[in-house]
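As stored in structure-v1.csv (CSV, C-alpha atoms and all ligand atoms):
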chain,number,residue,atom,x,y,z
A,1,MET,CA,-14.7,-22.2,-2.6
A,2,LYS,CA,-16.3,-21.4,-6.0
A,3,LEU,CA,-13.4,-20.8,-8.3
A,4,LEU,CA,-14.3,-20.0,-11.9
A,5,PRO,CA,-13.4,-23.0,-14.1
A,6,GLU,CA,-12.0,-20.8,-16.9
A,7,VAL,CA,-9.9,-18.9,-14.5
A,8,LEU,CA,-8.5,-22.2,-13.3
A,9,GLU,CA,-7.7,-23.2,-16.9
A,10,SER,CA,-5.5,-20.1,-17.3
A,11,VAL,CA,-3.7,-20.5,-14.0
A,12,ASP,CA,-0.5,-21.9,-15.5
A,13,LEU,CA,-0.1,-18.8,-17.7
A,14,ILE,CA,-0.9,-16.4,-14.9
A,15,LYS,CA,1.5,-18.2,-12.6
A,16,ALA,CA,4.3,-18.0,-15.2
A,17,ILE,CA,3.6,-14.2,-15.6
A,18,ARG,CA,3.7,-13.8,-11.8
A,19,ARG,CA,7.0,-15.6,-11.5
A,20,ASP,CA,8.5,-13.8,-14.4
A,21,ILE,CA,7.6,-10.4,-12.8
A,22,HIS,CA,9.0,-11.7,-9.5
A,23,ALA,CA,12.3,-12.5,-11.1
A,24,HIS,CA,12.5,-9.0,-12.7
A,25,PRO,CA,11.5,-6.6,-9.9
A,26,GLU,CA,11.5,-2.8,-10.6
A,27,LEU,CA,11.4,0.0,-8.2
A,28,CYS,CA,9.1,3.1,-7.9
A,29,PHE,CA,8.4,4.7,-11.3
A,30,GLN,CA,10.9,2.4,-13.1
A,31,GLU,CA,8.3,-0.4,-13.8
A,32,ASN,CA,9.0,-0.3,-17.5
A,33,ARG,CA,9.5,-4.0,-18.2
A,34,THR,CA,6.5,-4.8,-15.9
A,35,ALA,CA,4.3,-2.3,-17.6
A,36,ASP,CA,5.4,-3.6,-21.1
A,37,LYS,CA,4.4,-7.1,-20.0
A,38,VAL,CA,1.1,-6.0,-18.6
A,39,ALA,CA,0.3,-4.0,-21.8
A,40,GLN,CA,1.3,-6.9,-24.1
A,41,GLN,CA,-0.9,-9.3,-22.2
A,42,LEU,CA,-3.9,-7.0,-22.2
A,43,GLU,CA,-3.5,-6.3,-25.9
A,44,SER,CA,-3.1,-10.0,-26.6
A,45,TRP,CA,-6.6,-10.5,-25.2
A,46,GLY,CA,-8.0,-7.6,-27.3
A,47,ILE,CA,-8.2,-5.2,-24.4
A,48,GLN,CA,-7.9,-1.5,-25.2
A,49,ILE,CA,-5.0,0.0,-23.3
A,50,HIS,CA,-3.7,3.5,-22.2
A,51,ARG,CA,-0.1,4.0,-21.0
A,52,GLY,CA,1.9,6.7,-19.3
A,53,LEU,CA,-0.3,7.9,-16.4
A,54,GLY,CA,2.0,8.4,-13.4
A,55,LYS,CA,4.9,7.6,-15.8
A,56,THR,CA,4.6,3.8,-16.0
A,57,GLY,CA,0.9,3.3,-15.2
A,58,VAL,CA,-1.2,1.1,-17.5
A,59,VAL,CA,-5.0,1.2,-17.8
A,60,GLY,CA,-6.9,-1.5,-19.7
A,61,THR,CA,-10.6,-1.0,-20.5
A,62,ILE,CA,-13.4,-3.3,-21.4
A,63,THR,CA,-16.8,-2.0,-22.3
A,64,GLY,CA,-19.5,-4.6,-22.1
A,65,THR,CA,-21.7,-5.6,-25.0
A,66,GLN,CA,-25.0,-5.0,-23.1
A,67,GLY,CA,-25.1,-1.2,-23.4
A,68,ALA,CA,-24.4,1.7,-21.1
A,69,GLY,CA,-24.1,1.2,-17.4
A,70,LYS,CA,-21.9,1.9,-14.5
A,71,SER,CA,-18.1,2.0,-14.6
A,72,LEU,CA,-15.7,0.3,-12.2
A,73,GLY,CA,-12.0,0.6,-11.5
A,74,LEU,CA,-9.9,-2.3,-10.2
A,75,ARG,CA,-6.4,-1.5,-9.1
A,76,ALA,CA,-3.2,-3.5,-8.8
A,77,ASP,CA,0.2,-2.1,-7.8
A,78,MET,CA,3.4,-3.0,-9.8
A,79,ASP,CA,6.5,-1.9,-7.9
A,80,ALA,CA,9.1,-3.9,-5.9
A,81,LEU,CA,11.2,-3.0,-2.9
A,82,PRO,CA,14.9,-2.1,-2.5
A,83,LEU,CA,15.7,-5.3,-0.6
A,84,GLN,CA,18.1,-8.2,-1.3
A,85,GLU,CA,16.2,-11.4,-1.8
A,86,HIS,CA,17.3,-14.4,0.3
A,87,ASN,CA,15.3,-16.9,-1.6
A,88,GLN,CA,17.3,-19.2,-4.0
A,89,PHE,CA,14.4,-20.7,-5.9
A,90,GLU,CA,14.2,-20.5,-9.7
A,91,HIS,CA,12.0,-17.4,-9.9
A,92,ALA,CA,14.1,-15.4,-7.3
A,93,SER,CA,15.0,-11.9,-8.2
A,94,LYS,CA,17.6,-11.5,-10.9
A,95,HIS,CA,18.3,-7.9,-9.9
A,96,ASP,CA,20.6,-7.4,-6.9
A,97,GLY,CA,19.1,-5.2,-4.2
A,98,LYS,CA,15.5,-5.3,-5.6
A,99,MET,CA,12.8,-7.7,-4.7
A,100,HIS,CA,9.1,-8.3,-4.9
A,101,ALA,CA,8.7,-8.6,-1.1
A,102,CYS,CA,5.2,-7.2,-0.9
A,103,GLY,CA,3.5,-9.4,-3.4
A,104,HIS,CA,2.7,-6.7,-6.0
A,105,ASP,CA,3.9,-9.3,-8.6
A,106,GLY,CA,0.9,-11.4,-7.5
A,107,HIS,CA,-1.5,-8.4,-7.4
A,108,VAL,CA,-0.6,-7.7,-11.1
A,109,ALA,CA,-1.1,-11.4,-12.0
A,110,MET,CA,-4.5,-11.7,-10.2
A,111,LEU,CA,-5.8,-8.7,-12.0
A,112,LEU,CA,-4.5,-9.9,-15.3
A,113,GLY,CA,-6.2,-13.2,-14.7
A,114,ALA,CA,-9.5,-11.4,-14.3
A,115,ALA,CA,-8.9,-9.2,-17.3
A,116,GLU,CA,-8.3,-12.3,-19.5
A,117,TYR,CA,-11.6,-13.9,-18.3
A,118,LEU,CA,-13.6,-10.7,-18.8
A,119,SER,CA,-12.1,-10.2,-22.2
A,120,LYS,CA,-13.9,-13.4,-23.2
A,121,HIS,CA,-17.1,-12.7,-21.3
A,122,ARG,CA,-18.1,-9.2,-22.3
A,123,ASP,CA,-21.8,-9.7,-21.9
A,124,PHE,CA,-22.2,-7.1,-19.2
A,125,LYS,CA,-23.4,-3.5,-19.0
A,126,GLY,CA,-21.0,-0.6,-18.5
A,127,THR,CA,-17.3,-0.5,-18.3
A,128,VAL,CA,-14.4,-2.0,-16.2
A,129,HIS,CA,-11.0,-0.3,-16.0
A,130,PHE,CA,-8.0,-2.4,-14.9
A,131,ILE,CA,-5.7,0.1,-13.3
A,132,PHE,CA,-2.0,-1.0,-13.0
A,133,GLN,CA,-0.2,1.6,-10.9
A,134,PRO,CA,3.4,2.3,-10.3
A,135,ALA,CA,5.2,3.3,-7.1
A,136,GLU,CA,3.0,2.2,-4.2
A,137,GLU,CA,6.0,1.8,-1.9
A,138,GLY,CA,6.5,5.4,-1.0
A,139,GLY,CA,6.3,7.1,-4.4
A,140,GLY,CA,2.6,7.8,-4.3
A,141,GLY,CA,1.9,6.3,-7.7
A,142,ALA,CA,-1.8,6.4,-7.2
A,143,ARG,CA,-1.6,10.1,-6.5
A,144,GLU,CA,0.5,10.6,-9.7
A,145,MET,CA,-2.0,8.7,-11.8
A,146,ILE,CA,-4.9,10.8,-10.4
A,147,LYS,CA,-2.9,14.0,-11.1
A,148,ASP,CA,-2.4,12.9,-14.6
A,149,GLY,CA,-6.2,12.6,-15.1
A,150,LEU,CA,-6.9,9.0,-14.3
A,151,PHE,CA,-10.5,9.6,-13.3
A,152,GLN,CA,-11.2,12.2,-16.0
A,153,LEU,CA,-10.0,9.8,-18.7
A,154,PHE,CA,-11.5,6.8,-17.0
A,155,PRO,CA,-14.5,7.8,-15.0
A,156,CYS,CA,-15.2,5.3,-12.2
A,157,ASP,CA,-18.3,5.0,-10.1
A,158,ALA,CA,-16.3,3.0,-7.6
A,159,VAL,CA,-12.7,1.7,-7.2
A,160,PHE,CA,-11.6,-1.5,-5.5
A,161,GLY,CA,-8.2,-2.7,-4.3
A,162,MET,CA,-6.7,-5.8,-2.8
A,163,HIS,CA,-3.5,-6.8,-0.9
A,164,ASN,CA,-2.2,-10.2,0.1
A,165,TRP,CA,-1.9,-10.7,3.8
A,166,PRO,CA,0.6,-13.2,5.3
A,167,GLY,CA,-0.6,-14.9,8.5
A,168,MET,CA,-4.2,-15.1,7.2
A,169,SER,CA,-5.0,-18.5,5.7
A,170,VAL,CA,-5.4,-19.1,2.0
A,171,GLY,CA,-9.1,-18.9,1.2
A,172,GLU,CA,-9.8,-16.2,3.8
A,173,PHE,CA,-10.6,-12.6,3.3
A,174,GLY,CA,-10.5,-9.7,5.7
A,175,VAL,CA,-11.9,-6.2,5.5
A,176,THR,CA,-13.5,-3.5,7.6
A,177,PRO,CA,-15.6,-0.4,6.8
A,178,GLY,CA,-14.0,2.9,7.7
A,179,PRO,CA,-10.3,3.1,8.4
A,180,MET,CA,-8.4,0.0,7.2
A,181,MET,CA,-4.9,1.4,7.1
A,182,ALA,CA,-3.3,4.5,8.6
A,183,SER,CA,-2.1,7.7,7.3
A,184,SER,CA,1.7,7.8,7.0
A,185,ASN,CA,3.7,11.0,7.8
A,186,GLU,CA,7.2,11.8,8.6
A,187,PHE,CA,8.9,14.6,10.6
A,188,VAL,CA,12.4,16.0,11.1
A,189,ILE,CA,13.1,18.3,14.0
A,190,THR,CA,16.4,20.2,13.8
A,191,VAL,CA,17.5,21.7,17.2
A,192,LYS,CA,20.0,24.5,17.0
A,193,GLY,CA,22.0,25.5,20.0
A,194,LYS,CA,25.5,26.8,20.7
A,195,GLY,CA,28.3,24.3,20.8
A,196,GLY,CA,31.3,24.4,23.0
A,197,HIS,CA,33.6,22.4,25.3
A,198,ALA,CA,31.8,19.5,26.9
A,199,ALA,CA,33.6,20.3,30.2
A,200,LEU,CA,32.1,23.8,30.2
A,201,PRO,CA,28.4,23.2,29.5
A,202,HIS,CA,27.4,26.5,31.2
A,203,ASN,CA,29.0,28.3,28.2
A,204,SER,CA,26.8,26.4,25.7
A,205,ALA,CA,23.2,26.0,24.7
A,206,ASP,CA,23.2,22.2,24.5
A,207,PRO,CA,21.1,20.9,21.5
A,208,VAL,CA,21.6,17.3,22.5
A,209,PHE,CA,20.0,17.8,25.9
A,210,SER,CA,17.2,19.8,24.3
A,211,ALA,CA,16.6,17.1,21.7
A,212,THR,CA,16.3,14.4,24.3
A,213,GLN,CA,13.7,16.4,26.2
A,214,ILE,CA,11.8,16.9,23.0
A,215,ALA,CA,12.0,13.2,22.2
A,216,SER,CA,10.5,12.2,25.6
A,217,SER,CA,7.9,15.1,25.6
A,218,LEU,CA,6.5,14.2,22.2
A,219,GLN,CA,5.1,10.9,23.6
A,220,SER,CA,2.8,13.1,25.8
A,221,ILE,CA,0.8,13.9,22.6
A,222,ILE,CA,-0.2,10.2,22.4
A,223,THR,CA,-1.0,9.8,26.1
A,224,ARG,CA,-2.2,13.3,27.2
A,225,ASN,CA,-3.5,15.1,24.1
A,226,LYS,CA,-5.4,12.8,21.7
A,227,ARG,CA,-8.5,11.0,23.0
A,228,PRO,CA,-7.6,7.6,24.4
A,229,ILE,CA,-10.2,6.0,21.9
A,230,ASP,CA,-8.4,7.4,18.9
A,231,ALA,CA,-5.5,5.2,17.6
A,232,ALA,CA,-2.2,6.9,16.7
A,233,VAL,CA,1.5,6.0,16.7
A,234,LEU,CA,4.4,8.5,17.1
A,235,SER,CA,7.8,6.8,16.7
A,236,ILE,CA,11.1,8.6,16.8
A,237,THR,CA,13.4,6.5,14.7
A,238,GLN,CA,16.4,8.7,14.1
A,239,PHE,CA,18.5,10.8,16.4
A,240,HIS,CA,21.7,12.3,15.2
A,241,ALA,CA,24.1,14.6,17.0
A,242,GLY,CA,27.7,15.3,17.6
A,243,ASP,CA,31.1,13.8,16.5
A,244,ALA,CA,33.2,13.7,19.6
A,245,SER,CA,32.9,12.9,23.3
A,246,ASN,CA,34.3,16.2,24.5
A,247,ILE,CA,32.4,18.6,22.2
A,248,ILE,CA,28.9,19.9,22.6
A,249,PRO,CA,27.7,20.2,19.0
A,250,ASP,CA,25.9,23.2,17.5
A,251,SER,CA,22.9,21.2,16.5
A,252,ALA,CA,21.0,17.9,16.8
A,253,TRP,CA,18.2,16.4,14.8
A,254,LEU,CA,15.6,13.7,15.3
A,255,GLY,CA,13.1,12.2,13.0
A,256,GLY,CA,10.3,9.7,12.9
A,257,THR,CA,6.9,8.7,11.8
A,258,VAL,CA,3.3,9.5,12.8
A,259,ARG,CA,0.4,7.2,11.9
A,260,THR,CA,-3.3,8.0,12.4
A,261,PHE,CA,-6.6,6.8,11.1
A,262,THR,CA,-8.2,10.2,10.7
A,263,HIS,CA,-7.2,13.7,9.4
A,264,GLU,CA,-8.5,15.3,12.7
A,265,VAL,CA,-6.1,13.3,14.9
A,266,LEU,CA,-3.3,14.0,12.4
A,267,ASP,CA,-4.0,17.7,12.6
A,268,LEU,CA,-3.9,17.6,16.4
A,269,ILE,CA,-0.6,15.6,16.4
A,270,GLU,CA,1.1,17.9,13.9
A,271,THR,CA,0.0,21.1,15.8
A,272,ARG,CA,1.2,19.7,19.2
A,273,LEU,CA,4.4,18.3,17.8
A,274,ARG,CA,5.3,21.7,16.4
A,275,HIS,CA,4.4,23.5,19.6
A,276,ILE,CA,6.2,21.1,21.9
A,277,ALA,CA,9.4,21.0,19.8
A,278,THR,CA,9.5,24.8,19.5
A,279,THR,CA,8.7,25.6,23.1
A,280,VAL,CA,10.8,22.9,24.8
A,281,ALA,CA,13.8,24.0,22.7
A,282,GLN,CA,13.2,27.6,23.7
A,283,GLY,CA,13.1,26.6,27.3
A,284,PHE,CA,16.7,25.5,27.0
A,285,ASP,CA,17.9,28.5,24.9
A,286,CYS,CA,17.8,26.5,21.7
A,287,GLU,CA,15.7,26.8,18.5
A,288,ALA,CA,13.8,24.0,16.8
A,289,ASP,CA,12.9,23.9,13.1
A,290,VAL,CA,10.1,21.4,12.3
A,291,GLU,CA,9.5,19.8,9.0
A,292,PHE,CA,6.3,17.7,8.9
A,293,LEU,CA,5.5,15.8,5.7
A,294,ARG,CA,2.2,14.1,5.0
A,295,ASN,CA,2.9,11.1,2.8
A,296,TYR,CA,-0.2,8.9,2.5
A,297,PRO,CA,-3.7,9.7,3.9
A,298,PRO,CA,-5.5,7.0,5.9
A,299,THR,CA,-7.1,4.3,3.7
A,300,ILE,CA,-10.8,4.6,4.5
A,301,ASN,CA,-13.3,2.1,3.1
A,302,HIS,CA,-16.7,3.4,2.1
A,303,PRO,CA,-19.5,1.6,4.0
A,304,LYS,CA,-21.7,0.7,1.0
A,305,GLU,CA,-18.9,-0.6,-1.2
A,306,THR,CA,-17.5,-2.5,1.7
A,307,GLU,CA,-20.8,-4.3,2.3
A,308,PHE,CA,-20.9,-5.0,-1.4
A,309,ALA,CA,-17.3,-6.5,-1.4
A,310,ILE,CA,-18.2,-8.6,1.7
A,311,GLU,CA,-21.1,-10.1,-0.2
A,312,VAL,CA,-18.9,-10.9,-3.1
A,313,MET,CA,-16.3,-12.5,-0.8
A,314,LYS,CA,-18.9,-14.5,1.1
A,315,ASN,CA,-20.3,-15.9,-2.2
A,316,LEU,CA,-16.9,-16.9,-3.2
A,317,VAL,CA,-15.4,-18.6,-0.1
A,318,GLY,CA,-18.4,-18.9,2.3
A,319,GLU,CA,-19.4,-16.7,5.2
A,320,ALA,CA,-17.1,-18.5,7.7
A,321,HIS,CA,-14.0,-17.4,5.7
A,322,VAL,CA,-14.7,-13.7,5.5
A,323,ASN,CA,-13.8,-11.5,8.5
A,324,PRO,CA,-16.0,-8.4,7.9
A,325,ARG,CA,-14.5,-6.5,10.8
A,326,ILE,CA,-10.8,-7.1,10.7
A,327,ASP,CA,-8.5,-5.0,12.9
A,328,PRO,CA,-7.1,-2.1,10.9
A,329,THR,CA,-3.4,-1.9,10.6
A,330,MET,CA,-1.0,1.0,11.2
A,331,GLY,CA,0.7,0.3,7.9
A,332,ALA,CA,-0.2,2.7,5.0
A,333,GLU,CA,-1.3,2.2,1.4
A,334,ASP,CA,-1.5,4.7,-1.4
A,335,PHE,CA,-4.8,3.3,-2.7
A,336,ALA,CA,-6.0,5.8,0.0
A,337,PHE,CA,-5.6,8.5,-2.6
A,338,MET,CA,-8.1,6.7,-4.9
A,339,LEU,CA,-10.5,6.2,-2.0
A,340,GLN,CA,-10.4,10.0,-1.4
A,341,GLU,CA,-11.6,10.5,-4.9
A,342,LYS,CA,-14.1,7.7,-5.4
A,343,PRO,CA,-16.1,5.4,-3.2
A,344,GLY,CA,-14.6,2.0,-2.9
A,345,CYS,CA,-13.1,-0.7,-0.8
A,346,TYR,CA,-9.7,-2.3,-0.1
A,347,VAL,CA,-9.5,-5.8,1.1
A,348,PHE,CA,-6.9,-8.3,2.4
A,349,ILE,CA,-6.6,-11.8,0.9
A,350,GLY,CA,-4.9,-14.4,3.1
A,351,ASN,CA,-1.4,-15.4,1.8
A,352,GLY,CA,-0.9,-18.2,4.4
A,353,ASP,CA,2.1,-18.7,6.7
A,354,GLY,CA,4.8,-19.4,4.1
A,355,ASP,CA,4.5,-23.2,3.6
A,356,HIS,CA,3.8,-22.6,0.0
A,357,ARG,CA,7.3,-21.3,-0.7
A,358,SER,CA,9.3,-23.4,-3.2
A,359,GLN,CA,12.3,-25.2,-2.1
A,360,GLY,CA,15.2,-22.9,-1.7
A,361,HIS,CA,13.4,-20.1,0.2
A,362,GLY,CA,15.3,-18.3,2.9
A,363,LEU,CA,14.9,-19.2,6.5
A,364,GLY,CA,13.0,-16.1,7.6
A,365,PRO,CA,9.2,-15.8,8.0
A,366,CYS,CA,7.0,-15.1,5.0
A,367,GLN,CA,6.0,-11.6,6.2
A,368,LEU,CA,5.6,-8.6,3.8
A,369,HIS,CA,8.9,-6.7,3.3
A,370,ASN,CA,10.9,-9.8,4.5
A,371,PRO,CA,13.8,-11.0,2.3
A,372,CYS,CA,12.3,-14.6,2.4
A,373,TYR,CA,8.8,-13.6,1.4
A,374,ASP,CA,7.1,-15.0,-1.7
A,375,PHE,CA,3.6,-14.4,-3.0
A,376,ASN,CA,1.5,-17.5,-2.7
A,377,ASP,CA,0.5,-18.7,-6.2
A,378,ALA,CA,-2.5,-20.6,-4.7
A,379,LEU,CA,-4.2,-17.2,-4.5
A,380,LEU,CA,-4.1,-16.5,-8.2
A,381,PRO,CA,-7.4,-18.2,-9.2
A,382,LEU,CA,-9.0,-17.0,-6.0
A,383,GLY,CA,-8.0,-13.4,-6.4
A,384,SER,CA,-8.9,-13.4,-10.1
A,385,SER,CA,-12.3,-15.0,-9.3
A,386,TYR,CA,-13.0,-12.3,-6.7
A,387,TRP,CA,-12.2,-9.6,-9.3
A,388,VAL,CA,-14.4,-11.2,-11.9
A,389,ASN,CA,-17.4,-11.8,-9.6
A,390,LEU,CA,-17.1,-8.4,-8.2
A,391,THR,CA,-17.1,-6.9,-11.7
A,392,GLN,CA,-20.1,-8.9,-12.9
A,393,GLN,CA,-22.1,-8.3,-9.7
A,394,TYR,CA,-21.3,-4.6,-9.5
A,395,LEU,CA,-22.1,-3.9,-13.1
A,396,SER,CA,-25.3,-5.9,-13.0
A,397,ALA,CA,-26.5,-4.3,-9.7
A,398,LYS,CA,-29.0,-1.5,-10.0
B,401,NI,NI,2.2,-3.8,-0.7
Representation of the structure as structure tokens:
Amino acid sequence: MKLLPEVLESVDLIKAIRRDIHAHPELCFQENRTADKVAQQLESWGIQIHRGLGKTGVVGTITGTQGAGKSLGLRADMDALPLQEHNQFEHASKHDGKMHACGHDGHVAMLLGAAEYLSKHRDFKGTVHFIFQPAEEGGGGAREMIKDGLFQLFPCDAVFGMHNWPGMSVGEFGVTPGPMMASSNEFVITVKGKGGHAALPHNSADPVFSATQIASSLQSIITRNKRPIDAAVLSITQFHAGDASNIIPDSAWLGGTVRTFTHEVLDLIETRLRHIATTVAQGFDCEADVEFLRNYPPTINHPKETEFAIEVMKNLVGEAHVNPRIDPTMGAEDFAFMLQEKPGCYVFIGNGDGDHRSQGHGLGPCQLHNPCYDFNDALLPLGSSYWVNLTQQYLSAK
């Protein structure tokens, strides 16, 4: 592992920042304290900042001293989750019901570490933008920054993102060209029938019965409609109807999520879902209203930038520690919006299995979105070195 010595020298400061952010988690679009902290740090290193894109977003910019060149965007997410932390260690959350359980505290810290280094080594061509975005956890903070003019104000030839990945060892990276994470979409189907006495079902149009037929029929989209080689998930996660054992209710509703790696498969699933829900309901004298909401598009890595990122990772940790064809995951990520606008690549950095957690951690596993999770501080110099090397190599490449 070829960690940058100066990055290692700053690791105590960066670790203190990480733990401070962990102790003060803020939810979607409320990252005011975090954004203040990020802005103060960047300014303390003489980095020009811009605030307010996507409400709480912060962009720091360094232009190299070697003249005009390419421009690069590096992105970290800042928000926490609505979750009660079970850890008892010193830097555990001070805010009830809020927790950095996805490691965005560490993402911020790794990018700050790189910003500090590059603020002292400006001998490169072109420009690097450090993009600290709000609201990755469902709020679409990346989309909001883009809407507010992110790439007009800060033109980028390419954008790169990184997420810690529990279960992958520290010192390992994983990535794949093409789809890396899935599109995330939700639906609600409201089935309207005619309620009545449960002992006289022939006088009713039973929405509960209709909804159960819809629920089982929808799985036919996955097994009978999409091509078997295309990955997709359709999960019904909510089913609500009725208040009493002897009353057939007027309506029922079910909801769930759809995940795909392409827009084409998503289009197919949405069309079939609407058709099946409507016609199955009609078959039982009911009506179905379908709401289908597309939240995040699939996160699709661009081939050239992915090959470039793989080379940077190999130089840093050695070829044996980079998986260049990692299995994609059905989780979703709003960096997808940036990759729709600009070429780029999103990578996973191993967070280990949880042995790193300070004494006082909860008994659960160290998985993302788990109340016993903690970002692994051992990644800080590694992640920062990756960002620095990537910047220097990208901006010096022809
Ligand atoms: Ni995350």
Contacts of A:Arg224 at 12 Å or less, counting all atoms listed in the file, minus same-chain residues fewer than 5 places along, as a PyMOL selection string?
-> chain A and resi 217-219+230+268-269+272
List all protein, DNA and RNA residues that have at least one atom no more than 9 Å from any atom of ligand NI 401 (chain B), counting only C-alpha atoms and all ligand atoms, and write them as an mmCIF file with C-alpha atoms, keeping the file's coordinate frame.
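Saved file selection-v5.cif follows:
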data_model
loop_
_atom_site.group_PDB
_atom_site.id
_atom_site.type_symbol
_atom_site.label_atom_id
_atom_site.label_comp_id
_atom_site.auth_asym_id
_atom_site.auth_seq_id
_atom_site.Cartn_x
_atom_site.Cartn_y
_atom_site.Cartn_z
ATOM 1 C CA ASP A 77 0.200 -2.100 -7.800
ATOM 2 C CA ASP A 79 6.500 -1.900 -7.900
ATOM 3 C CA ALA A 80 9.100 -3.900 -5.900
ATOM 4 C CA ALA A 101 8.700 -8.600 -1.100
ATOM 5 C CA CYS A 102 5.200 -7.200 -0.900
ATOM 6 C CA GLY A 103 3.500 -9.400 -3.400
ATOM 7 C CA HIS A 104 2.700 -6.700 -6.000
ATOM 8 C CA HIS A 107 -1.500 -8.400 -7.400
ATOM 9 C CA GLU A 136 3.000 2.200 -4.200
ATOM 10 C CA GLU A 137 6.000 1.800 -1.900
ATOM 11 C CA HIS A 163 -3.500 -6.800 -0.900
ATOM 12 C CA ASN A 164 -2.200 -10.200 0.100
ATOM 13 C CA ALA A 332 -0.200 2.700 5.000
ATOM 14 C CA GLU A 333 -1.300 2.200 1.400
ATOM 15 C CA LEU A 368 5.600 -8.600 3.800
ATOM 16 C CA HIS A 369 8.900 -6.700 3.300
#
With stretch 119-124 of chain A as the partner and 12 Å as the cut-off, tabulate the residues of stretch 69-111 of chain A that qualify, each row holding the nearest pair of atoms and their distance in Å to one decimal, using all atoms listed in the file, sorted by chain and rising number, as JSON lines.
{"residue": "A:Gly69", "atom": "CA", "partner": "A:Phe124", "partner_atom": "CA", "distance": 8.7}
{"residue": "A:Lys70", "atom": "CA", "partner": "A:Phe124", "partner_atom": "CA", "distance": 10.2}
{"residue": "A:Ser71", "atom": "CA", "partner": "A:Phe124", "partner_atom": "CA", "distance": 11.0}
For a cut-off of 12 Å around (9.8, -7.9, 4.9), file coordinates, pick out all residues using all atoms listed in the file and list them as a PyMOL selection string.
-> chain A and resi 80-86+99-103+166+362+364-375
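You can rank A:His240, A:Arg325, A:His50, A:His302 by their closest distance to A:Thr212 using all atoms listed in the file, and at the top of that list sits A:His240.
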Contact residues around A:Gly331 with only C-alpha atoms at 12 Å, ignoring same-chain residues under 3 positions, as a list in words |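 Returned residues: Glu137, Gly138, Pro179, Met180, Met181, Ala182, Ser183, Ser184, Asn185, Ala232, Val233, Thr257, Val258, Arg259, Thr260, Phe261, Tyr296, Pro297, Pro298, Thr299, Asp327, Pro328, Asp334, Ala336, Leu368 and His369 of chain A.
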Spatial neighbours of A:Met78, 7 Å, all atoms listed in the file, chain gap at least 6 places, as an NGL selection string | :A and (31 or 104-105 or 108 or 132-134)
Could you work out how far atom CA of A:Phe284 lies from atom CA of A:Gly195, giving the answer in Å with one decimal?
-> 13.2 Å
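Look at stretch 60-67 of chain A: the protein and nucleic acid residues within 6 Å of it, using all atoms listed in the file and passing over chain neighbours fewer than 4 places away, are Gln48, Ile49, Arg122, Asp123, Phe124, Lys125, Gly126, Thr127, Val128, His129 and Phe130 of chain A.
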Of the listed residues A:Gly174, A:Gly167, A:Pro381, A:Gly344, that which approaches A:Leu74 most closely, counting only C-alpha atoms |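 Closest residue, counting only C-alpha atoms: A:Gly344.
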Since the input lacks some atoms of stretch 210-218 of chain A, please model N, CA, C and O atoms and print them as an mmCIF file, keeping the file's coordinate frame.
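What landed in out07.cif:
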data_model
loop_
_atom_site.group_PDB
_atom_site.id
_atom_site.type_symbol
_atom_site.label_atom_id
_atom_site.label_comp_id
_atom_site.auth_asym_id
_atom_site.auth_seq_id
_atom_site.Cartn_x
_atom_site.Cartn_y
_atom_site.Cartn_z
ATOM 1 N N SER A 210 18.482 19.340 24.744
ATOM 2 C CA SER A 210 17.200 19.800 24.300
ATOM 3 C C SER A 210 16.445 18.749 23.489
ATOM 4 O O SER A 210 15.255 18.502 23.681
ATOM 5 N N ALA A 211 17.185 18.133 22.581
ATOM 6 C CA ALA A 211 16.600 17.100 21.700
ATOM 7 C C ALA A 211 16.059 15.934 22.479
ATOM 8 O O ALA A 211 15.005 15.368 22.172
ATOM 9 N N THR A 212 16.809 15.535 23.520
ATOM 10 C CA THR A 212 16.300 14.400 24.300
ATOM 11 C C THR A 212 15.056 14.751 25.067
ATOM 12 O O THR A 212 14.157 13.927 25.205
ATOM 13 N N GLN A 213 14.971 16.006 25.549
ATOM 14 C CA GLN A 213 13.700 16.400 26.200
ATOM 15 C C GLN A 213 12.568 16.473 25.261
ATOM 16 O O GLN A 213 11.447 16.105 25.600
ATOM 17 N N ILE A 214 12.838 16.912 24.031
ATOM 18 C CA ILE A 214 11.800 16.900 23.000
ATOM 19 C C ILE A 214 11.328 15.501 22.728
ATOM 20 O O ILE A 214 10.133 15.205 22.689
ATOM 21 N N ALA A 215 12.316 14.600 22.572
ATOM 22 C CA ALA A 215 12.000 13.200 22.200
ATOM 23 C C ALA A 215 11.043 12.607 23.275
ATOM 24 O O ALA A 215 10.042 11.960 22.929
ATOM 25 N N SER A 216 11.335 12.817 24.553
ATOM 26 C CA SER A 216 10.500 12.200 25.600
ATOM 27 C C SER A 216 9.139 12.968 25.680
ATOM 28 O O SER A 216 8.088 12.365 25.868
ATOM 29 N N SER A 217 9.186 14.290 25.503
ATOM 30 C CA SER A 217 7.900 15.100 25.600
ATOM 31 C C SER A 217 6.935 14.770 24.532
ATOM 32 O O SER A 217 5.724 14.876 24.749
ATOM 33 N N LEU A 218 7.433 14.401 23.350
ATOM 34 C CA LEU A 218 6.500 14.200 22.200
ATOM 35 C C LEU A 218 5.538 13.020 22.521
ATOM 36 O O LEU A 218 4.418 13.009 22.019
#
